[in-house]
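Participant: Below are the structure tokens for one structure; questions will follow.
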Amino acid sequence: GEVAAEHDVYLKRESSGWPSVAGLAPARVATLCGFGPIARERGTPEEAVQRSAALLTSRGWCSFFRLQVESLGPIAEQAGKSMGSGPESEADRGEIEFFRGASLFLQGDGIRALDHLDEALRRIPEENSLCLGEAEAVFGLATYLEGGREETERWLEERLRTHPPLRETRAVRLRTIAVYQNLLHGDLARAETFRRQMPGPEPDCRKDYVIAWVSYMQGLIRLHRFELDEAREALKPAVERRFVHFKRAAVDSVFGSMLAGQLLGRFDEAQHARSQLREFLSGHDDPGSHYLAGSTEARFALLEGRPDEARRWLERATPPPAEVMLWWFEIPCVTWCRVLVAEGAAARLEEAEELLRRHAAVCEAHHNRLQLPGILCLLALA
């Protein structure tokens with residue numbers, strides 16, 4: 001105060017989010033790091049993001065494509081608080097509703113997800129084809145989980161009929177629903193029929209994204225039909241485009257390529273795919289990626305007859321959380337049970353049986369006939 005008075009400077013005490021050396025001083029020790037012109041309502045870059053609905057929406061899309069489920073809900077809530085009230089905010093509100101719905105869907109709560117996703121479809125404008133396509137895809141899948149194949153097909157036919165013409169990326173996302181609902185229903189032949197009806201990608205700025213999805217779908221069907229050579233070839237375009245692909249589908253593409261190579265005895269190819277997968281997952285620092293990194297390595301170790309190495313994953317990690325299993329070829333919470341069964345100890349088998357019964361119940365509730373047989377086979381072994 002005396003220094004301020006001496007220099008005729010108005011002095012007022014303010015706090016700030018900026019880091020300073022004052023944090024090194026013990027509590028109760030008065031510290032002056034400097035003084036300058038009064039600046040209010042300023043903050044760190046993170047504080048700026050938290051006040052901007054547009055920046056939070058961008059972060060929300062990053063979290064969605066990386067499947068960072070734990071962050072989607074909080075981002076949506078904060079973005080809603082930062083949103084303006086004018087009509088120009090309508091589309092942004094649609095994206096926020098999508099994040100809320102996607103977060104619930106990925107946690108397996110399809111009923112609550114549908115309310116938010118329906119609101120998102122009403123608010124997102126037609127010209128925003130990428131956002132609308134993702135919202136439609138998640139809505140269609142949530143409809144399947146809660147109502148089954150027939151209800152999803154009715155919704156899909158109505159959507160395609162009442163919203164022509166569709167931009168390519170959005171049309172592909174809608175038609176993937178027809179493929180995936182039949183995959184989940186366990187009807188591989190019908191899934192392949194719908195996949196063949198999908199158009200080849202036209203040249204546009206999202207061509208690689210479309211090619212990656214179409215390639216991944218074909219490879220996934222081939223893998224489940226145990227057509228391993230065909231699966232390898234089909235997955236190559238998706239593997240090459242893994243850095244522009246949806247993260248979980250990219251992981252599945254590389255892992256499927258690795259698995260096909262291993263089962264065909266092409267061990268050099270399998271090791272190359274394994275290195276690609278390690279590199280890809282190392283660039284994602286989130287819990288889901290950490291679990292995928294551990295589970296893919298453990299499953300590969302089991303395939304190579306190295307159960308001791310697979311068991312180290314049990315010692316290093318905590319059990320992966322249950323998730324909506326969909327059609328994913330590698331699911332950490334299921335591979336955790338594979339390793340428990342491989343260990344064979346009575347306590348481990350009891351744990352595996354309890355977890356597998358829960359997973360089987362989820363699959364039955366979600367009409368997931370694709371994942372259920374494998375889980376029941378593991379349950380029989382436990």
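Chain labels follow the order of the structure tokens: the first chain is A, the next B, and so on; residue numbering restarts at 1 in every chain, and ligands are counted from 1 in their shown order.
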With DSSP run on the backbone, what are the helix (DSSP H, G or I) residues within range 69-276 of chain A? I'd like them as a ChimeraX atom specification.

Facilitator: /A:69-82,87-106,110-123,129-147,149-162,168-184,188-196,207-224,228-240,247-263,267-276

Participant: Any idea what's packed within 10 Å of Ala142 in chain A, counting only C-alpha atoms, ignoring anything in its chain fewer than 4 positions away? Could you give it as a list of chain:residue names?

Facilitator: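 What passes the distance filter is A:Gly101, A:Ala102, A:Leu104, A:Phe105, A:Leu106, A:Gly108, A:Asp109, A:Gly110, A:Ile111, A:Arg112, A:Ala113, A:Leu114, A:Leu117, A:Glu136, A:Ala137, A:Val138, A:Glu146, A:Gly147, A:Gly148, A:Thr152, A:His366.
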
Participant: Please produce an output containing all heavy atoms for each residue in the selection, written as a short mmCIF file (atom, residue, chain, number, x, y, z; two decimals), in the first residue's frame.

Facilitator:
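For reference, again08.cif as written:
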data_model
loop_
_atom_site.label_atom_id
_atom_site.label_comp_id
_atom_site.auth_asym_id
_atom_site.auth_seq_id
_atom_site.Cartn_x
_atom_site.Cartn_y
_atom_site.Cartn_z
N GLY A 101 -26.30 -37.30 -25.86
CA GLY A 101 -26.84 -38.59 -26.27
C GLY A 101 -25.76 -39.61 -26.55
O GLY A 101 -25.88 -40.78 -26.17
N ALA A 102 -24.69 -39.19 -27.23
CA ALA A 102 -23.60 -40.11 -27.55
C ALA A 102 -22.93 -40.63 -26.29
O ALA A 102 -22.57 -41.81 -26.20
CB ALA A 102 -22.57 -39.42 -28.45
N LEU A 104 -24.30 -41.07 -23.31
CA LEU A 104 -25.18 -42.07 -22.70
C LEU A 104 -25.19 -43.36 -23.51
O LEU A 104 -25.17 -44.46 -22.95
CB LEU A 104 -26.60 -41.50 -22.58
CG LEU A 104 -26.77 -40.36 -21.57
CD1 LEU A 104 -28.11 -39.66 -21.77
CD2 LEU A 104 -26.65 -40.90 -20.15
N PHE A 105 -25.22 -43.23 -24.83
CA PHE A 105 -25.23 -44.41 -25.70
C PHE A 105 -23.98 -45.25 -25.49
O PHE A 105 -24.05 -46.48 -25.36
CB PHE A 105 -25.34 -43.96 -27.16
CG PHE A 105 -25.01 -45.05 -28.15
CD1 PHE A 105 -25.88 -46.10 -28.38
CD2 PHE A 105 -23.81 -45.01 -28.87
CE1 PHE A 105 -25.57 -47.10 -29.29
CE2 PHE A 105 -23.49 -46.00 -29.78
CZ PHE A 105 -24.38 -47.05 -29.99
N LEU A 106 -22.82 -44.60 -25.45
CA LEU A 106 -21.56 -45.34 -25.31
C LEU A 106 -21.43 -45.97 -23.93
O LEU A 106 -20.60 -46.87 -23.73
CB LEU A 106 -20.38 -44.41 -25.59
CG LEU A 106 -20.27 -43.94 -27.05
CD1 LEU A 106 -19.24 -42.83 -27.18
CD2 LEU A 106 -19.91 -45.11 -27.95
N GLY A 108 -24.06 -47.43 -22.67
CA GLY A 108 -25.07 -48.48 -22.70
C GLY A 108 -26.46 -48.06 -22.32
O GLY A 108 -27.36 -48.90 -22.22
N ASP A 109 -26.70 -46.76 -22.12
CA ASP A 109 -28.02 -46.26 -21.73
C ASP A 109 -28.74 -45.73 -22.96
O ASP A 109 -28.84 -44.53 -23.19
CB ASP A 109 -27.88 -45.17 -20.67
CG ASP A 109 -29.21 -44.79 -20.03
OD1 ASP A 109 -30.27 -45.19 -20.56
OD2 ASP A 109 -29.19 -44.09 -18.99
N GLY A 110 -29.24 -46.65 -23.79
CA GLY A 110 -29.85 -46.26 -25.05
C GLY A 110 -31.16 -45.49 -24.90
O GLY A 110 -31.47 -44.62 -25.71
N ILE A 111 -31.94 -45.81 -23.88
CA ILE A 111 -33.25 -45.17 -23.71
C ILE A 111 -33.08 -43.67 -23.45
O ILE A 111 -33.71 -42.84 -24.12
CB ILE A 111 -34.02 -45.84 -22.55
CG1 ILE A 111 -34.39 -47.28 -22.94
CG2 ILE A 111 -35.28 -45.04 -22.23
CD1 ILE A 111 -35.09 -48.04 -21.85
N ARG A 112 -32.25 -43.31 -22.51
CA ARG A 112 -32.03 -41.88 -22.23
C ARG A 112 -31.30 -41.21 -23.39
O ARG A 112 -31.54 -40.04 -23.69
CB ARG A 112 -31.23 -41.72 -20.93
CG ARG A 112 -32.02 -42.07 -19.68
CD ARG A 112 -31.13 -42.05 -18.47
NE ARG A 112 -30.55 -40.72 -18.23
CZ ARG A 112 -29.43 -40.51 -17.57
NH1 ARG A 112 -28.74 -41.54 -17.09
NH2 ARG A 112 -28.98 -39.29 -17.40
N ALA A 113 -30.42 -41.97 -24.05
CA ALA A 113 -29.68 -41.40 -25.18
C ALA A 113 -30.62 -40.97 -26.30
O ALA A 113 -30.42 -39.92 -26.93
CB ALA A 113 -28.68 -42.42 -25.71
N LEU A 114 -31.65 -41.75 -26.57
CA LEU A 114 -32.56 -41.46 -27.68
C LEU A 114 -33.25 -40.11 -27.52
O LEU A 114 -33.50 -39.42 -28.50
CB LEU A 114 -33.59 -42.58 -27.81
CG LEU A 114 -33.07 -43.87 -28.47
CD1 LEU A 114 -34.08 -44.99 -28.34
CD2 LEU A 114 -32.73 -43.62 -29.94
N LEU A 117 -30.66 -37.55 -28.58
CA LEU A 117 -30.34 -37.69 -29.99
C LEU A 117 -31.48 -37.22 -30.88
O LEU A 117 -31.27 -36.63 -31.94
CB LEU A 117 -29.97 -39.15 -30.30
CG LEU A 117 -28.67 -39.64 -29.66
CD1 LEU A 117 -28.56 -41.15 -29.76
CD2 LEU A 117 -27.45 -38.97 -30.29
N GLU A 136 -27.27 -39.16 -36.85
CA GLU A 136 -28.18 -40.17 -37.38
C GLU A 136 -27.64 -41.58 -37.14
O GLU A 136 -28.39 -42.50 -36.81
CB GLU A 136 -28.39 -39.94 -38.88
CG GLU A 136 -29.27 -38.73 -39.18
CD GLU A 136 -29.28 -38.39 -40.66
OE1 GLU A 136 -28.25 -38.60 -41.34
OE2 GLU A 136 -30.31 -37.88 -41.13
N ALA A 137 -26.33 -41.75 -37.31
CA ALA A 137 -25.73 -43.07 -37.11
C ALA A 137 -25.89 -43.54 -35.67
O ALA A 137 -26.29 -44.68 -35.41
CB ALA A 137 -24.25 -43.03 -37.50
N VAL A 138 -25.60 -42.65 -34.72
CA VAL A 138 -25.72 -43.03 -33.31
C VAL A 138 -27.18 -43.24 -32.94
O VAL A 138 -27.52 -44.17 -32.20
CB VAL A 138 -25.06 -41.97 -32.40
CG1 VAL A 138 -25.23 -42.35 -30.94
CG2 VAL A 138 -23.57 -41.84 -32.73
N GLU A 146 -32.27 -50.72 -28.35
CA GLU A 146 -33.47 -50.69 -27.52
C GLU A 146 -34.68 -51.35 -28.18
O GLU A 146 -35.56 -51.84 -27.49
CB GLU A 146 -33.83 -49.23 -27.17
CG GLU A 146 -32.75 -48.51 -26.38
CD GLU A 146 -32.37 -49.26 -25.11
OE1 GLU A 146 -33.26 -49.87 -24.47
OE2 GLU A 146 -31.18 -49.24 -24.76
N GLY A 147 -34.71 -51.38 -29.53
CA GLY A 147 -35.91 -51.89 -30.19
C GLY A 147 -35.69 -53.04 -31.13
O GLY A 147 -36.65 -53.67 -31.58
N GLY A 148 -34.45 -53.34 -31.50
CA GLY A 148 -34.19 -54.45 -32.40
C GLY A 148 -34.17 -54.04 -33.87
O GLY A 148 -34.28 -52.87 -34.22
N THR A 152 -35.45 -50.48 -36.25
CA THR A 152 -34.37 -49.70 -36.87
C THR A 152 -34.57 -49.59 -38.37
O THR A 152 -34.34 -48.53 -38.97
CB THR A 152 -33.01 -50.35 -36.57
OG1 THR A 152 -32.91 -50.63 -35.18
CG2 THR A 152 -31.86 -49.43 -36.97
N HIS A 366 -29.40 -55.89 -25.42
CA HIS A 366 -29.12 -55.04 -26.57
C HIS A 366 -29.29 -55.78 -27.91
O HIS A 366 -28.91 -55.24 -28.95
CB HIS A 366 -27.69 -54.50 -26.49
CG HIS A 366 -27.52 -53.45 -25.44
ND1 HIS A 366 -26.29 -52.99 -25.03
CD2 HIS A 366 -28.43 -52.75 -24.72
CE1 HIS A 366 -26.45 -52.07 -24.10
NE2 HIS A 366 -27.73 -51.91 -23.90
#

Participant: Report the distance between CA of Gly219 in chain A and CA of Gln68 in chain A in Å, rounded to one decimal place.

Facilitator: 24.8 Å

Participant: Leaving out Leu184 in chain A and any residue of its chain fewer than 6 positions from it, which residues lie within 8 Å of it when counting only C-alpha atoms, given as a list of chain:residue names?

Facilitator: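 The residues satisfying every condition are A:Leu326, A:Trp327, A:His367, A:Asn368, A:Arg369, A:Leu370, A:Gln371.
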
Participant: At a cut-off of 9 Å, using only C-alpha atoms, what residues contact Ala191 in chain A? Leave out same-chain residues fewer than 2 positions from it and give the result as an MDAnalysis selection string.

Facilitator: chainID A and resid 178:183 186:189 193:196 221

Participant: What's around Ala352 in chain A at 8 Å? Count only C-alpha atoms, leave out sequence neighbours fewer than 4 positions away in its own chain, and write the answer as a list in words.

Facilitator: Cys337, Arg338, Leu340, Val341, Arg348, Leu356, Leu379 and Ala382 of chain A

Participant: What lies within 12 Å of Glu323 in chain A using only C-alpha atoms, ignoring chain neighbours under 2 positions off, as a PyMOL selection string?

Facilitator: chain A and resi 67+69-70+103-109+288+291+320-321+325-328+330-334+358-359+362-363+366

Participant: Those selected residues, please, written with N, CA, C and O atoms and delivered as a compact mmCIF listing (two decimals), in the first residue's frame.

Facilitator:
# COMPACT_ATOMS: atom_id res chain seq x y z
N LEU A 67 -13.51 -41.49 -28.81
CA LEU A 67 -14.29 -42.29 -27.87
C LEU A 67 -13.85 -42.06 -26.42
O LEU A 67 -13.75 -43.01 -25.63
N VAL A 69 -15.23 -41.32 -23.60
CA VAL A 69 -16.59 -41.27 -23.08
C VAL A 69 -16.69 -40.44 -21.81
O VAL A 69 -17.65 -39.69 -21.59
N GLU A 70 -15.66 -40.55 -20.97
CA GLU A 70 -15.71 -39.89 -19.66
C GLU A 70 -15.74 -38.38 -19.76
O GLU A 70 -16.17 -37.69 -18.83
N SER A 103 -22.77 -39.76 -25.29
CA SER A 103 -22.15 -40.17 -24.04
C SER A 103 -22.99 -41.26 -23.36
O SER A 103 -22.46 -42.29 -22.92
N LEU A 104 -24.30 -41.07 -23.31
CA LEU A 104 -25.18 -42.07 -22.70
C LEU A 104 -25.19 -43.36 -23.51
O LEU A 104 -25.17 -44.46 -22.95
N PHE A 105 -25.22 -43.23 -24.83
CA PHE A 105 -25.23 -44.41 -25.70
C PHE A 105 -23.98 -45.25 -25.49
O PHE A 105 -24.05 -46.48 -25.36
N LEU A 106 -22.82 -44.60 -25.45
CA LEU A 106 -21.56 -45.34 -25.31
C LEU A 106 -21.43 -45.97 -23.93
O LEU A 106 -20.60 -46.87 -23.73
N GLN A 107 -22.23 -45.50 -22.98
CA GLN A 107 -22.27 -46.12 -21.66
C GLN A 107 -23.35 -47.19 -21.55
O GLN A 107 -23.57 -47.76 -20.49
N GLY A 108 -24.06 -47.43 -22.67
CA GLY A 108 -25.07 -48.48 -22.70
C GLY A 108 -26.46 -48.06 -22.32
O GLY A 108 -27.36 -48.90 -22.22
N ASP A 109 -26.70 -46.76 -22.12
CA ASP A 109 -28.02 -46.26 -21.73
C ASP A 109 -28.74 -45.73 -22.96
O ASP A 109 -28.84 -44.53 -23.19
N GLY A 288 -9.43 -45.19 -22.31
CA GLY A 288 -9.87 -46.19 -23.27
C GLY A 288 -8.74 -46.73 -24.12
O GLY A 288 -8.65 -47.93 -24.38
N TYR A 291 -6.54 -49.12 -22.07
CA TYR A 291 -7.12 -50.45 -21.96
C TYR A 291 -6.99 -51.22 -23.27
O TYR A 291 -6.69 -52.42 -23.28
N PRO A 320 -11.11 -53.56 -16.92
CA PRO A 320 -11.69 -52.55 -17.82
C PRO A 320 -13.18 -52.38 -17.54
O PRO A 320 -13.86 -53.34 -17.18
N PRO A 321 -13.70 -51.17 -17.69
CA PRO A 321 -15.13 -50.97 -17.44
C PRO A 321 -15.96 -51.66 -18.51
O PRO A 321 -15.52 -51.83 -19.65
N MET A 325 -20.95 -53.03 -26.42
CA MET A 325 -19.97 -53.84 -27.15
C MET A 325 -20.08 -53.70 -28.66
O MET A 325 -19.10 -53.89 -29.38
N LEU A 326 -21.27 -53.42 -29.16
CA LEU A 326 -21.48 -53.25 -30.59
C LEU A 326 -20.83 -54.40 -31.36
O LEU A 326 -20.95 -55.56 -30.99
N TRP A 327 -20.13 -54.08 -32.46
CA TRP A 327 -19.52 -55.10 -33.32
C TRP A 327 -18.02 -55.14 -33.15
O TRP A 327 -17.33 -55.81 -33.92
N TRP A 328 -17.46 -54.42 -32.16
CA TRP A 328 -16.01 -54.33 -32.06
C TRP A 328 -15.38 -55.71 -31.97
O TRP A 328 -15.85 -56.59 -31.25
N GLU A 330 -12.26 -56.30 -30.93
CA GLU A 330 -11.49 -56.38 -29.68
C GLU A 330 -12.18 -55.54 -28.62
O GLU A 330 -12.39 -54.33 -28.79
N ILE A 331 -12.56 -56.18 -27.52
CA ILE A 331 -13.27 -55.53 -26.43
C ILE A 331 -12.51 -55.82 -25.13
O ILE A 331 -12.45 -56.98 -24.69
N PRO A 332 -11.88 -54.81 -24.52
CA PRO A 332 -11.02 -55.06 -23.36
C PRO A 332 -11.70 -55.82 -22.23
O PRO A 332 -11.08 -56.72 -21.64
N CYS A 333 -12.96 -55.51 -21.91
CA CYS A 333 -13.59 -56.19 -20.77
C CYS A 333 -13.83 -57.67 -21.06
O CYS A 333 -13.87 -58.49 -20.12
N VAL A 334 -13.95 -58.05 -22.33
CA VAL A 334 -14.10 -59.47 -22.68
C VAL A 334 -12.73 -60.16 -22.70
O VAL A 334 -12.59 -61.29 -22.22
N ARG A 358 -22.59 -61.07 -16.58
CA ARG A 358 -23.04 -59.69 -16.75
C ARG A 358 -22.96 -59.27 -18.22
O ARG A 358 -23.89 -58.65 -18.75
N HIS A 359 -21.86 -59.62 -18.88
CA HIS A 359 -21.69 -59.25 -20.29
C HIS A 359 -22.75 -59.93 -21.15
O HIS A 359 -23.29 -59.33 -22.09
N VAL A 362 -26.01 -58.10 -20.83
CA VAL A 362 -26.01 -56.86 -21.61
C VAL A 362 -26.25 -57.17 -23.08
O VAL A 362 -27.04 -56.48 -23.76
N CYS A 363 -25.58 -58.18 -23.62
CA CYS A 363 -25.76 -58.55 -25.02
C CYS A 363 -27.20 -58.95 -25.32
O CYS A 363 -27.76 -58.58 -26.36
N HIS A 366 -29.40 -55.89 -25.42
CA HIS A 366 -29.12 -55.04 -26.57
C HIS A 366 -29.29 -55.78 -27.91
O HIS A 366 -28.91 -55.24 -28.95

Participant: Taking only C-alpha atoms into account, which of A:Ser58, A:Ser257, A:Thr296, A:Ser215 comes nearest Ala234 in chain A?

Facilitator: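 The answer is A:Ser215, which sits nearest to Ala234 in chain A.
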
Participant: To one decimal place, how far is CA of Lys236 in chain A from CA of Glu192 in chain A in Å?

Facilitator: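 So the answer is 18.1 Å.
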
Participant: Which one of A:Leu55, A:Ile375, A:Ala250, A:Ala135 sits closest to Tyr209 in chain A if you count only C-alpha atoms?

Facilitator: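 Checking each of A:Leu55, A:Ile375, A:Ala250, A:Ala135 against Tyr209 in chain A, counting only C-alpha atoms, the winner is A:Ala250.
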